[in-house]
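J.: Here it is, the structure, as structure tokens.
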Amino acid sequence: MNSTEKYGTDVDTAVQLALDELGVGIDDVEVEVLDEPTKGFLGTGLGRKLAFVRVTKKVPDVEEETPKKPFGAKKKNTQKHSNDKAKETKTEKVEKAEKSNRHEKKAAAKEEKENIDFEKEIENIEHVTPEVDIESLKDLGENEGFTFLQEIIKAMDIDVTAVGKTDGKDVYMFIDGKDSGTIIGKRGATLDAIQYLTSLVVNKAGGEYVRVVVDAENYRAKREKTLEKLAMRMADKVARSRRSFKLEPMNPYERKVIHATLQKDGRVVTRSEGQDPLRRVVIDVK
């Protein structure tokens, strides 16, 4: 592997993860910071952005061979033969280095293409039937969590509307509008943060726990279907290549979807590794 891209809570953490994967030191690579980390909205972590870096191995210089000075007429021919041999050795080394570099670039390009394909798989979400029938739910009425959600929307200054519903036990908040993509964030990160904070507000008084679901444009159902398809596609790839495959970092719920989807697949096993927010699922041959 010649190059890799990593997320981290800060640039140094992301770089270290890349160094560990490549098995090299910081002096042996070139670092490109693709995204600087941000702390998020009002210091709460809402909309927080991880550092994202690309780390590439430096191409080693080909050693130059300095021919020895000739000594005597007889040894001149020997030296000429030695020089020719040295030139051949140098040429061979150059060709070998170029071949190795082309191979590494090809491997890096293949890996980058796989990462791009992964991104497209995540972003290209098909429409599916909602798991919750909104029409069957009751209006939520006065609720601290819903008030908190509306304040967040107002502070973000985005063009969306929110509706609060309940089935008598759980609380559902549905967001719609042209700026729904901002609420969802990259791979649902902002939506998850909003749901987490809203749940804290709803349950801060204690008592029986109330499950809070914040959704936008039916994203959660769409995302789950996409993850299920992704899990099966990656399982097929691992089974064919007999090599393990690491998915991108995911939240606990999304990792659970991957594990559950492949639980009964006799070809592969799954496990999680790393620490949140960089914890990811690894699919391996059974």
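Numbering starts fresh at 1 for the residues of each chain in the structure tokens, the chains themselves are lettered A, B, ... in the order given, and ligands are numbered from 1 as they appear.
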Which residues, written as a ChimeraX atom specification, have at least one atom at most 10 Å from segment 269-279 of chain A, with only C-alpha atoms counted and residues fewer than 3 positions away on the same chain left out?
T.: /A:6-9,14,50,235,244-252,255-256,258-260,262-266,282-286
J.: Restricting the output to N, CA, C and O atoms, write the selected residues as a tab-separated table (two decimals), in the first residue's frame.
T.:
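New file result_12.tsv:
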```tsv
chain	number	residue	atom	x	y	z
A	6	LYS	N	-7.23	8.82	6.28
A	6	LYS	CA	-7.76	8.49	7.60
A	6	LYS	C	-8.47	9.69	8.23
A	6	LYS	O	-8.12	10.84	7.99
A	7	TYR	N	-9.51	9.37	9.05
A	7	TYR	CA	-10.17	10.36	9.89
A	7	TYR	C	-9.58	10.29	11.29
A	7	TYR	O	-9.09	9.25	11.73
A	8	GLY	N	-9.66	11.40	12.02
A	8	GLY	CA	-9.21	11.43	13.41
A	8	GLY	C	-9.82	12.60	14.13
A	8	GLY	O	-10.31	13.56	13.51
A	9	THR	N	-9.80	12.54	15.47
A	9	THR	CA	-10.34	13.65	16.25
A	9	THR	C	-9.52	14.91	16.03
A	9	THR	O	-10.02	16.01	16.20
A	14	ALA	N	-5.19	11.39	13.19
A	14	ALA	CA	-5.45	10.83	11.86
A	14	ALA	C	-4.14	10.40	11.20
A	14	ALA	O	-4.06	9.33	10.59
A	50	LEU	N	-14.55	15.77	11.81
A	50	LEU	CA	-13.28	15.12	12.10
A	50	LEU	C	-12.19	15.61	11.15
A	50	LEU	O	-12.47	16.09	10.06
A	235	ALA	N	-19.44	-8.61	1.85
A	235	ALA	CA	-19.29	-10.02	2.20
A	235	ALA	C	-18.93	-10.83	0.96
A	235	ALA	O	-18.07	-11.73	1.01
A	244	SER	N	-9.69	-9.81	4.36
A	244	SER	CA	-10.60	-9.02	5.22
A	244	SER	C	-10.79	-7.63	4.63
A	244	SER	O	-9.97	-7.15	3.84
A	245	PHE	N	-11.87	-6.97	5.05
A	245	PHE	CA	-12.18	-5.64	4.54
A	245	PHE	C	-12.70	-4.78	5.70
A	245	PHE	O	-13.56	-5.22	6.46
A	246	LYS	N	-12.14	-3.57	5.83
A	246	LYS	CA	-12.56	-2.65	6.88
A	246	LYS	C	-13.51	-1.62	6.31
A	246	LYS	O	-13.19	-0.96	5.32
A	247	LEU	N	-14.66	-1.46	6.93
A	247	LEU	CA	-15.60	-0.43	6.52
A	247	LEU	C	-15.19	0.90	7.15
A	247	LEU	O	-14.36	0.96	8.06
A	248	GLU	N	-15.80	1.97	6.67
A	248	GLU	CA	-15.54	3.29	7.23
A	248	GLU	C	-16.09	3.37	8.66
A	248	GLU	O	-16.99	2.60	9.03
A	249	PRO	N	-15.58	4.29	9.49
A	249	PRO	CA	-16.12	4.44	10.86
A	249	PRO	C	-17.62	4.68	10.84
A	249	PRO	O	-18.13	5.44	10.01
A	250	MET	N	-18.34	4.02	11.77
A	250	MET	CA	-19.80	4.14	11.86
A	250	MET	C	-20.21	4.27	13.32
A	250	MET	O	-19.46	3.88	14.23
A	251	ASN	N	-21.41	4.79	13.54
A	251	ASN	CA	-21.93	4.88	14.90
A	251	ASN	C	-22.42	3.50	15.34
A	251	ASN	O	-22.55	2.58	14.53
A	252	PRO	N	-22.71	3.31	16.64
A	252	PRO	CA	-23.09	1.98	17.15
A	252	PRO	C	-24.29	1.37	16.43
A	252	PRO	O	-24.31	0.17	16.15
A	255	ARG	N	-23.24	0.08	12.97
A	255	ARG	CA	-22.43	-1.13	13.11
A	255	ARG	C	-23.32	-2.32	13.43
A	255	ARG	O	-23.10	-3.44	12.92
A	256	LYS	N	-24.34	-2.08	14.24
A	256	LYS	CA	-25.27	-3.16	14.60
A	256	LYS	C	-26.00	-3.67	13.36
A	256	LYS	O	-26.24	-4.88	13.22
A	258	ILE	N	-24.84	-3.74	10.28
A	258	ILE	CA	-23.89	-4.57	9.53
A	258	ILE	C	-23.75	-5.95	10.18
A	258	ILE	O	-23.83	-6.99	9.50
A	259	HIS	N	-23.55	-5.97	11.50
A	259	HIS	CA	-23.40	-7.24	12.22
A	259	HIS	C	-24.63	-8.12	12.04
A	259	HIS	O	-24.53	-9.32	11.78
A	260	ALA	N	-25.81	-7.51	12.21
A	260	ALA	CA	-27.06	-8.28	12.13
A	260	ALA	C	-27.29	-8.83	10.72
A	260	ALA	O	-27.75	-9.96	10.55
A	262	LEU	N	-25.09	-9.73	8.51
A	262	LEU	CA	-24.16	-10.81	8.14
A	262	LEU	C	-24.07	-11.91	9.20
A	262	LEU	O	-23.25	-12.83	9.07
A	263	GLN	N	-24.91	-11.82	10.22
A	263	GLN	CA	-24.84	-12.78	11.33
A	263	GLN	C	-25.02	-14.22	10.86
A	263	GLN	O	-24.36	-15.15	11.34
A	264	LYS	N	-25.90	-14.43	9.89
A	264	LYS	CA	-26.20	-15.78	9.42
A	264	LYS	C	-25.48	-16.13	8.11
A	264	LYS	O	-25.76	-17.16	7.50
A	265	ASP	N	-24.56	-15.26	7.68
A	265	ASP	CA	-23.79	-15.53	6.46
A	265	ASP	C	-22.68	-16.51	6.81
A	265	ASP	O	-21.77	-16.18	7.59
A	266	GLY	N	-22.74	-17.71	6.25
A	266	GLY	CA	-21.77	-18.75	6.60
A	266	GLY	C	-20.38	-18.53	6.04
A	266	GLY	O	-19.45	-19.28	6.38
A	282	VAL	N	-15.10	-4.75	10.82
A	282	VAL	CA	-14.17	-5.51	9.97
A	282	VAL	C	-14.88	-6.79	9.55
A	282	VAL	O	-15.40	-7.53	10.38
A	283	ILE	N	-14.91	-7.05	8.24
A	283	ILE	CA	-15.51	-8.27	7.71
A	283	ILE	C	-14.37	-9.19	7.30
A	283	ILE	O	-13.49	-8.79	6.54
A	284	ASP	N	-14.37	-10.43	7.84
A	284	ASP	CA	-13.26	-11.35	7.59
A	284	ASP	C	-13.80	-12.70	7.13
A	284	ASP	O	-14.98	-13.02	7.33
A	285	VAL	N	-12.90	-13.50	6.55
A	285	VAL	CA	-13.27	-14.85	6.10
A	285	VAL	C	-13.54	-15.73	7.30
A	285	VAL	O	-12.79	-15.68	8.29
A	286	LYS	N	-14.56	-16.53	7.23
A	286	LYS	CA	-14.92	-17.40	8.36
A	286	LYS	C	-13.96	-18.58	8.43
A	286	LYS	O	-13.59	-19.13	7.39
```
J.: For Met156 of chain A, work out the shell of residues within 10 Å, counting only C-alpha atoms and skipping chain neighbours fewer than 5 positions away, then give it as a list of chain:residue names.
T.: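 Contacts, with the query itself left out: A:Phe41, A:Gln150, A:Glu151, A:Thr182, A:Ile183.
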J.: Would you output that residue set with N, CA, C and O atoms, as a PDB file, in the first residue's frame?
T.:
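Okay, part-v4.pdb is ready:
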```pdb
ATOM      1  N   PHE A  41     -21.268  22.886  16.713  1.00  0.00           N
ATOM      2  CA  PHE A  41     -22.190  23.967  17.020  1.00  0.00           C
ATOM      3  C   PHE A  41     -22.230  24.275  18.521  1.00  0.00           C
ATOM      4  O   PHE A  41     -22.504  23.404  19.350  1.00  0.00           O
ATOM      5  N   GLN A 150     -36.655  22.787  17.851  1.00  0.00           N
ATOM      6  CA  GLN A 150     -37.012  23.988  17.090  1.00  0.00           C
ATOM      7  C   GLN A 150     -36.010  25.120  17.325  1.00  0.00           C
ATOM      8  O   GLN A 150     -35.706  25.902  16.419  1.00  0.00           O
ATOM      9  N   GLU A 151     -35.471  25.196  18.537  1.00  0.00           N
ATOM     10  CA  GLU A 151     -34.463  26.219  18.842  1.00  0.00           C
ATOM     11  C   GLU A 151     -33.165  25.947  18.075  1.00  0.00           C
ATOM     12  O   GLU A 151     -32.495  26.880  17.612  1.00  0.00           O
ATOM     13  N   THR A 182     -28.604  19.652   5.276  1.00  0.00           N
ATOM     14  CA  THR A 182     -27.762  20.246   6.321  1.00  0.00           C
ATOM     15  C   THR A 182     -28.044  19.591   7.665  1.00  0.00           C
ATOM     16  O   THR A 182     -27.126  19.336   8.449  1.00  0.00           O
ATOM     17  N   ILE A 183     -29.308  19.315   7.938  1.00  0.00           N
ATOM     18  CA  ILE A 183     -29.696  18.647   9.189  1.00  0.00           C
ATOM     19  C   ILE A 183     -29.139  17.224   9.231  1.00  0.00           C
ATOM     20  O   ILE A 183     -28.693  16.743  10.271  1.00  0.00           O
TER      21      ILE A 183
END
```
J.: Name the residues in contact with segment 17-21 of chain A at a cut-off of 12 Å, using only C-alpha atoms, excluding same-chain residues fewer than 2 positions from it; report them as an NGL selection string.
T.: :A and (1-15 or 23-32 or 51-57 or 246 or 274-275 or 278)
J.: Dump N, CA, C and O atoms for the selected residues as a tab-separated table (two decimals), in the first residue's frame?
T.:
```
chain	number	residue	atom	x	y	z
A	1	MET	N	0.85	-1.19	0.00
A	1	MET	CA	0.00	0.00	0.00
A	1	MET	C	0.88	1.24	0.00
A	1	MET	O	1.80	1.34	0.80
A	2	ASN	N	0.63	2.16	-0.91
A	2	ASN	CA	1.46	3.35	-1.07
A	2	ASN	C	0.85	4.58	-0.41
A	2	ASN	O	1.56	5.51	-0.05
A	3	SER	N	-0.48	4.59	-0.25
A	3	SER	CA	-1.16	5.77	0.27
A	3	SER	C	-2.42	5.35	1.01
A	3	SER	O	-3.00	4.30	0.71
A	4	THR	N	-2.82	6.14	1.99
A	4	THR	CA	-4.06	5.86	2.71
A	4	THR	C	-4.65	7.16	3.22
A	4	THR	O	-3.93	8.15	3.40
A	5	GLU	N	-5.96	7.15	3.46
A	5	GLU	CA	-6.67	8.32	3.99
A	5	GLU	C	-7.34	7.93	5.29
A	5	GLU	O	-7.93	6.86	5.38
A	6	LYS	N	-7.23	8.82	6.28
A	6	LYS	CA	-7.76	8.49	7.60
A	6	LYS	C	-8.47	9.69	8.23
A	6	LYS	O	-8.12	10.84	7.99
A	7	TYR	N	-9.51	9.37	9.05
A	7	TYR	CA	-10.17	10.36	9.89
A	7	TYR	C	-9.58	10.29	11.29
A	7	TYR	O	-9.09	9.25	11.73
A	8	GLY	N	-9.66	11.40	12.02
A	8	GLY	CA	-9.21	11.43	13.41
A	8	GLY	C	-9.82	12.60	14.13
A	8	GLY	O	-10.31	13.56	13.51
A	9	THR	N	-9.80	12.54	15.47
A	9	THR	CA	-10.34	13.65	16.25
A	9	THR	C	-9.52	14.91	16.03
A	9	THR	O	-10.02	16.01	16.20
A	10	ASP	N	-8.24	14.74	15.69
A	10	ASP	CA	-7.40	15.86	15.28
A	10	ASP	C	-6.44	15.37	14.20
A	10	ASP	O	-6.38	14.17	13.90
A	11	VAL	N	-5.67	16.28	13.63
A	11	VAL	CA	-4.78	15.92	12.52
A	11	VAL	C	-3.73	14.91	12.95
A	11	VAL	O	-3.46	13.93	12.26
A	12	ASP	N	-3.14	15.12	14.14
A	12	ASP	CA	-2.09	14.21	14.61
A	12	ASP	C	-2.61	12.79	14.77
A	12	ASP	O	-1.93	11.82	14.44
A	13	THR	N	-3.83	12.66	15.31
A	13	THR	CA	-4.41	11.33	15.50
A	13	THR	C	-4.65	10.65	14.17
A	13	THR	O	-4.35	9.47	13.99
A	14	ALA	N	-5.19	11.39	13.19
A	14	ALA	CA	-5.45	10.83	11.86
A	14	ALA	C	-4.14	10.40	11.20
A	14	ALA	O	-4.06	9.33	10.59
A	15	VAL	N	-3.10	11.22	11.32
A	15	VAL	CA	-1.80	10.90	10.73
A	15	VAL	C	-1.22	9.64	11.36
A	15	VAL	O	-0.69	8.75	10.68
A	23	GLY	N	2.78	1.24	8.22
A	23	GLY	CA	3.96	0.65	8.84
A	23	GLY	C	5.22	1.43	8.62
A	23	GLY	O	6.30	0.86	8.45
A	24	VAL	N	5.11	2.77	8.61
A	24	VAL	CA	6.27	3.64	8.39
A	24	VAL	C	6.28	4.75	9.43
A	24	VAL	O	5.35	4.93	10.20
A	25	GLY	N	7.40	5.51	9.43
A	25	GLY	CA	7.52	6.65	10.31
A	25	GLY	C	7.13	7.94	9.61
A	25	GLY	O	6.98	7.98	8.39
A	26	ILE	N	7.01	9.01	10.38
A	26	ILE	CA	6.57	10.29	9.84
A	26	ILE	C	7.56	10.84	8.81
A	26	ILE	O	7.16	11.53	7.87
A	27	ASP	N	8.86	10.50	8.93
A	27	ASP	CA	9.86	10.99	7.99
A	27	ASP	C	9.79	10.30	6.63
A	27	ASP	O	10.42	10.75	5.67
A	28	ASP	N	9.05	9.20	6.57
A	28	ASP	CA	8.98	8.42	5.34
A	28	ASP	C	7.75	8.73	4.50
A	28	ASP	O	7.48	8.04	3.51
A	29	VAL	N	6.97	9.74	4.91
A	29	VAL	CA	5.71	10.00	4.21
A	29	VAL	C	5.51	11.48	3.95
A	29	VAL	O	6.19	12.33	4.52
A	30	GLU	N	4.56	11.75	3.07
A	30	GLU	CA	4.08	13.11	2.84
A	30	GLU	C	2.64	13.19	3.31
A	30	GLU	O	1.84	12.31	3.01
A	31	VAL	N	2.30	14.23	4.05
A	31	VAL	CA	0.98	14.37	4.66
A	31	VAL	C	0.22	15.50	3.99
A	31	VAL	O	0.73	16.62	3.86
A	32	GLU	N	-1.01	15.21	3.60
A	32	GLU	CA	-1.90	16.22	3.01
A	32	GLU	C	-3.18	16.29	3.86
A	32	GLU	O	-3.87	15.29	4.00
A	51	ALA	N	-10.95	15.47	11.59
A	51	ALA	CA	-9.82	15.74	10.70
A	51	ALA	C	-9.74	14.62	9.68
A	51	ALA	O	-10.02	13.46	9.99
A	52	PHE	N	-9.35	14.97	8.45
A	52	PHE	CA	-9.26	13.98	7.38
A	52	PHE	C	-7.95	14.22	6.63
A	52	PHE	O	-7.71	15.32	6.14
A	53	VAL	N	-7.07	13.21	6.58
A	53	VAL	CA	-5.76	13.39	5.98
A	53	VAL	C	-5.48	12.30	4.96
A	53	VAL	O	-6.05	11.21	5.01
A	54	ARG	N	-4.61	12.62	4.01
A	54	ARG	CA	-4.08	11.63	3.08
A	54	ARG	C	-2.58	11.53	3.32
A	54	ARG	O	-1.87	12.52	3.30
A	55	VAL	N	-2.10	10.32	3.58
A	55	VAL	CA	-0.69	10.09	3.87
A	55	VAL	C	-0.12	9.18	2.78
A	55	VAL	O	-0.64	8.09	2.54
A	56	THR	N	0.96	9.63	2.13
A	56	THR	CA	1.55	8.90	1.01
A	56	THR	C	3.02	8.63	1.28
A	56	THR	O	3.76	9.53	1.72
A	57	LYS	N	3.43	7.40	1.03
A	57	LYS	CA	4.84	7.06	1.20
A	57	LYS	C	5.71	7.83	0.21
A	57	LYS	O	5.32	8.03	-0.94
A	246	LYS	N	-12.14	-3.57	5.83
A	246	LYS	CA	-12.56	-2.65	6.88
A	246	LYS	C	-13.51	-1.62	6.31
A	246	LYS	O	-13.19	-0.96	5.32
A	274	GLY	N	-11.28	-0.48	17.15
A	274	GLY	CA	-11.05	0.96	17.28
A	274	GLY	C	-11.94	1.58	18.35
A	274	GLY	O	-12.75	0.90	18.98
A	275	GLN	N	-11.76	2.86	18.56
A	275	GLN	CA	-12.53	3.61	19.55
A	275	GLN	C	-13.41	4.64	18.87
A	275	GLN	O	-13.03	5.22	17.86
A	278	LEU	N	-14.13	6.62	15.78
A	278	LEU	CA	-13.44	5.97	14.67
A	278	LEU	C	-13.62	4.46	14.69
A	278	LEU	O	-12.94	3.74	13.95
```
J.: One decimal, in Å: what's the spacing between atom CA of Thr161 of chain A and atom CA of Gly181 of chain A?
T.: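 Atom-to-atom, atom CA of Thr161 of chain A to atom CA of Gly181 of chain A, that is 12.8 Å.
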J.: Compile the contact shell of Val201 of chain A as number ranges by chain: residues with an atom at most 12 Å away, counting only C-alpha atoms, same-chain residues fewer than 5 positions apart removed.
T.: A: 143-149, 194-196, 206, 209-212
J.: Under the rule that only C-alpha atoms are counted, which of A:Leu22, A:Ile158, A:Val268, A:Ala193 is the nearest residue to Arg240 of chain A?
T.: A:Val268
J.: Work out how far apart atom CA of Tyr253 of chain A and atom CA of Gly185 of chain A are and give it in Å to one decimal.
T.: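 Going from atom CA of Tyr253 of chain A over to atom CA of Gly185 of chain A covers 16.4 Å.
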J.: Between atom CA of Leu227 of chain A and atom CA of Gly188 of chain A, measure the distance and give it in Å to one decimal.
T.: 12.5 Å
